[in-house]
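**Q** Shown below is the structure under consideration.
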Amino acid sequence: MHHSAHSVLSAWTNFYVIMGSAAAGLTGLMFVVITLVAGNRSRETSHVGVSTFSTPTVVHFGAALWVCAILSAPWDSLQYAAVLLGLTSLFGVVYVWRLILRTKRLTSYNAGVDDWIWYSILPLVAYAAIGVVAILLLAVPAGVLFVLGAAVLLLIFIGIHNAWDIVTYIAVEVMPSSNPPPPPADEA
């Protein structure tokens, strides 16, 4: 059964405008965070931490924004959107796989279960879901758009969680305390 792209996607317009705006705004906040903390870390630790944790957060926000842009475009056919979603999924899965390998090689930080869930497993689920949507979009568009919406929302929530995780880690573990140590007690 042939579905026109406009008839299928028009009901989702507000969702993708809201999600795309959120992803874009949150990406901008990540730039502010990185700028504020840039001077407080060693160069080597900063590069490893940023490439393993901060950059992927921006990539997930960017992927959410990208998917929203794809679904907001005035397509004549869902075929083009399906191809772009498939490429997005492929990129995302490969990117996360590379992050998993990089995280396993970390020596300056030992990733815990929480890190593996939020930085590896959930992003893989989101990008794989986008791939499933790409495959099924032409056959059952109304049904799989809910899956795509959930994947976009998951990428945004992953980004929010990870951004908060990064900021709190930097604030607690990396930033120097603004309170000077107390003076030594007088020995009398």
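Just so we're on the same page: first chain in the structure tokens is A, next is B, and so on; residues restart at 1 for each chain, and ligands are numbered from 1 in the order they show up.
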Among segment 89-178 of chain A, which residues carry a DSSP assignment of helix (DSSP H, G or I), reported as a tab-separated table (two decimals) with C-alpha atoms, in the first residue's frame?
**A**
chain	number	residue	atom	x	y	z
A	89	SER	CA	21.36	3.98	11.98
A	90	LEU	CA	24.46	2.50	10.38
A	91	PHE	CA	26.56	5.51	11.39
A	92	GLY	CA	25.17	5.41	14.94
A	93	VAL	CA	25.78	1.70	15.47
A	94	VAL	CA	29.34	1.90	14.12
A	95	TYR	CA	30.04	5.04	16.18
A	96	VAL	CA	28.79	3.47	19.41
A	97	TRP	CA	30.74	0.27	18.70
A	98	ARG	CA	33.91	2.35	18.37
A	99	LEU	CA	33.06	4.07	21.67
A	100	ILE	CA	32.68	0.69	23.35
A	101	LEU	CA	36.15	-0.29	22.18
A	102	ARG	CA	37.59	3.06	23.30
A	103	THR	CA	35.93	2.77	26.71
A	104	LYS	CA	37.38	-0.73	27.20
A	113	VAL	CA	27.67	-0.49	34.94
A	114	ASP	CA	25.82	2.82	34.84
A	115	ASP	CA	28.32	4.16	32.29
A	116	TRP	CA	27.96	1.06	30.09
A	117	ILE	CA	24.17	1.37	30.15
A	118	TRP	CA	23.97	5.10	29.35
A	119	TYR	CA	26.99	5.51	27.07
A	120	SER	CA	26.83	2.19	25.18
A	121	ILE	CA	23.75	-0.01	25.54
A	122	LEU	CA	20.98	2.60	25.33
A	123	PRO	CA	22.57	4.44	22.37
A	124	LEU	CA	22.91	1.10	20.54
A	125	VAL	CA	19.23	0.42	21.20
A	126	ALA	CA	18.25	3.86	19.87
A	127	TYR	CA	20.33	3.57	16.69
A	128	ALA	CA	19.19	-0.02	16.09
A	129	ALA	CA	15.57	1.10	16.47
A	130	ILE	CA	16.17	3.78	13.83
A	131	GLY	CA	17.47	1.02	11.56
A	132	VAL	CA	14.34	-1.07	12.12
A	133	VAL	CA	12.24	1.96	11.24
A	134	ALA	CA	14.26	2.50	8.07
A	135	ILE	CA	13.56	-1.06	7.00
A	136	LEU	CA	9.83	-1.01	7.83
A	141	PRO	CA	4.72	3.81	8.35
A	142	ALA	CA	2.06	4.66	10.93
A	143	GLY	CA	3.24	1.96	13.31
A	144	VAL	CA	6.98	2.45	13.05
A	145	LEU	CA	6.82	6.22	13.47
A	146	PHE	CA	6.05	5.57	17.14
A	147	VAL	CA	9.25	3.52	17.34
A	148	LEU	CA	11.16	6.33	15.66
A	149	GLY	CA	9.67	8.88	18.04
A	150	ALA	CA	10.75	6.71	20.98
A	151	ALA	CA	14.28	6.38	19.53
A	152	VAL	CA	14.60	10.17	19.13
A	153	LEU	CA	13.29	10.74	22.64
A	154	LEU	CA	15.70	8.10	23.95
A	155	LEU	CA	18.65	9.84	22.27
A	156	ILE	CA	17.63	13.13	23.87
A	157	PHE	CA	17.19	11.56	27.33
A	158	ILE	CA	20.56	9.79	26.93
A	159	GLY	CA	22.10	13.16	26.09
A	160	ILE	CA	20.44	14.87	29.07
A	161	HIS	CA	21.56	12.12	31.45
A	162	ASN	CA	25.09	12.03	30.06
A	163	ALA	CA	25.45	15.82	30.05
A	164	TRP	CA	24.37	15.92	33.70
A	165	ASP	CA	26.73	13.03	34.47
A	166	ILE	CA	29.63	14.86	32.82
A	167	VAL	CA	28.89	18.17	34.54
A	168	THR	CA	28.56	16.62	37.99
A	169	TYR	CA	31.73	14.55	37.49
A	170	ILE	CA	33.67	17.65	36.47
A	171	ALA	CA	32.21	19.73	39.31
A	172	VAL	CA	32.96	17.13	41.98
A	173	GLU	CA	36.08	15.34	40.73
A	174	VAL	CA	37.95	17.73	38.45
**Q** Please provide the set of residues having any atom within 10 Å of Tyr16 of chain A, restricted to only C-alpha atoms, with same-chain residues fewer than 5 positions apart removed, written as a list in words.
**A** Leu9, Ala11, Ser21, Ala22, Ala64, Leu65, Val67, Cys68, Ala69, Ile70, Leu71, Ser72, Gly149, Val152 and Leu153 of chain A
**Q** Next, the residues of the selection above should be written as a PDB file, in the first residue's frame with N, CA and C atoms.
**A**
ATOM      1  N   LEU A   9       3.444  11.866   7.684  1.00  0.00           N
ATOM      2  CA  LEU A   9       4.307  12.653   8.560  1.00  0.00           C
ATOM      3  C   LEU A   9       3.641  13.890   9.149  1.00  0.00           C
ATOM      4  N   ALA A  11       1.033  14.394  10.915  1.00  0.00           N
ATOM      5  CA  ALA A  11       0.581  14.244  12.302  1.00  0.00           C
ATOM      6  C   ALA A  11       1.745  14.339  13.291  1.00  0.00           C
ATOM      7  N   SER A  21      14.117  21.085  18.303  1.00  0.00           N
ATOM      8  CA  SER A  21      14.474  22.302  19.036  1.00  0.00           C
ATOM      9  C   SER A  21      15.177  21.956  20.339  1.00  0.00           C
ATOM     10  N   ALA A  22      14.672  20.958  21.042  1.00  0.00           N
ATOM     11  CA  ALA A  22      15.306  20.530  22.291  1.00  0.00           C
ATOM     12  C   ALA A  22      16.720  20.023  22.027  1.00  0.00           C
ATOM     13  N   ALA A  64      19.646  13.144  17.020  1.00  0.00           N
ATOM     14  CA  ALA A  64      18.225  13.417  17.266  1.00  0.00           C
ATOM     15  C   ALA A  64      17.764  14.590  16.402  1.00  0.00           C
ATOM     16  N   LEU A  65      18.560  15.638  16.352  1.00  0.00           N
ATOM     17  CA  LEU A  65      18.232  16.796  15.511  1.00  0.00           C
ATOM     18  C   LEU A  65      18.170  16.387  14.043  1.00  0.00           C
ATOM     19  N   VAL A  67      17.518  13.384  12.711  1.00  0.00           N
ATOM     20  CA  VAL A  67      16.314  12.580  12.456  1.00  0.00           C
ATOM     21  C   VAL A  67      15.088  13.490  12.399  1.00  0.00           C
ATOM     22  N   CYS A  68      15.027  14.465  13.293  1.00  0.00           N
ATOM     23  CA  CYS A  68      13.900  15.408  13.269  1.00  0.00           C
ATOM     24  C   CYS A  68      13.874  16.200  11.970  1.00  0.00           C
ATOM     25  N   ALA A  69      15.038  16.580  11.486  1.00  0.00           N
ATOM     26  CA  ALA A  69      15.109  17.301  10.208  1.00  0.00           C
ATOM     27  C   ALA A  69      14.652  16.411   9.060  1.00  0.00           C
ATOM     28  N   ILE A  70      15.087  15.154   9.075  1.00  0.00           N
ATOM     29  CA  ILE A  70      14.674  14.220   8.025  1.00  0.00           C
ATOM     30  C   ILE A  70      13.157  14.084   7.995  1.00  0.00           C
ATOM     31  N   LEU A  71      12.555  13.923   9.158  1.00  0.00           N
ATOM     32  CA  LEU A  71      11.109  13.691   9.216  1.00  0.00           C
ATOM     33  C   LEU A  71      10.306  14.970   9.047  1.00  0.00           C
ATOM     34  N   SER A  72      10.962  16.113   9.103  1.00  0.00           N
ATOM     35  CA  SER A  72      10.262  17.387   8.897  1.00  0.00           C
ATOM     36  C   SER A  72      10.366  17.881   7.462  1.00  0.00           C
ATOM     37  N   GLY A 149       9.852   7.841  17.019  1.00  0.00           N
ATOM     38  CA  GLY A 149       9.673   8.879  18.039  1.00  0.00           C
ATOM     39  C   GLY A 149      10.312   8.470  19.357  1.00  0.00           C
ATOM     40  N   VAL A 152      14.152   8.770  19.042  1.00  0.00           N
ATOM     41  CA  VAL A 152      14.597  10.170  19.125  1.00  0.00           C
ATOM     42  C   VAL A 152      14.533  10.643  20.569  1.00  0.00           C
ATOM     43  N   LEU A 153      13.437  10.350  21.239  1.00  0.00           N
ATOM     44  CA  LEU A 153      13.291  10.739  22.638  1.00  0.00           C
ATOM     45  C   LEU A 153      14.358  10.064  23.499  1.00  0.00           C
TER      46      LEU A 153
END
**Q** To one decimal place in Å, what is the distance between atom CA of His60 of chain A and atom CA of Ser4 of chain A?
**A**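 A separation of 28.9 Å between them.
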**Q** Between A:Pro56, A:Gly112, A:Gly62, A:Gly86, single out the one closest to Thr27 of chain A, counting only C-alpha atoms.
**A**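 Of A:Pro56, A:Gly112, A:Gly62, A:Gly86, the one nearest Thr27 of chain A is A:Gly62, counting only C-alpha atoms.
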**Q** Quote the spacing between atom CA of Gly20 of chain A and atom CA of Ser77 of chain A in Å to one decimal place.
**A**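 Between these atoms lies a distance of 21.3 Å.
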**Q** From the options A:Gln79, A:Thr57, A:Thr88, A:Ser108, which residue's atoms come nearest to Gly28 of chain A, counting only C-alpha atoms?
**A**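 Of A:Gln79, A:Thr57, A:Thr88, A:Ser108, the one nearest Gly28 of chain A, counting only C-alpha atoms, is A:Thr57.
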**Q** Of the candidates A:Val140, A:Leu78, A:Leu87, A:Ala73, which shows the shortest atom-to-atom distance to Thr13 of chain A, using only C-alpha atoms?
**A** A:Ala73
**Q** Restricting the calculation to only C-alpha atoms, which member of A:Ala139, A:Leu84, A:Ala111, A:Ala24 is positioned closest to Phe61 of chain A?
**A**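 Closest to Phe61 of chain A, using only C-alpha atoms: A:Ala24.
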**Q** What does the distance between atom CA of Tyr80 of chain A and atom CA of Val59 of chain A come to in Å, to one decimal place?
**A** 22.2 Å
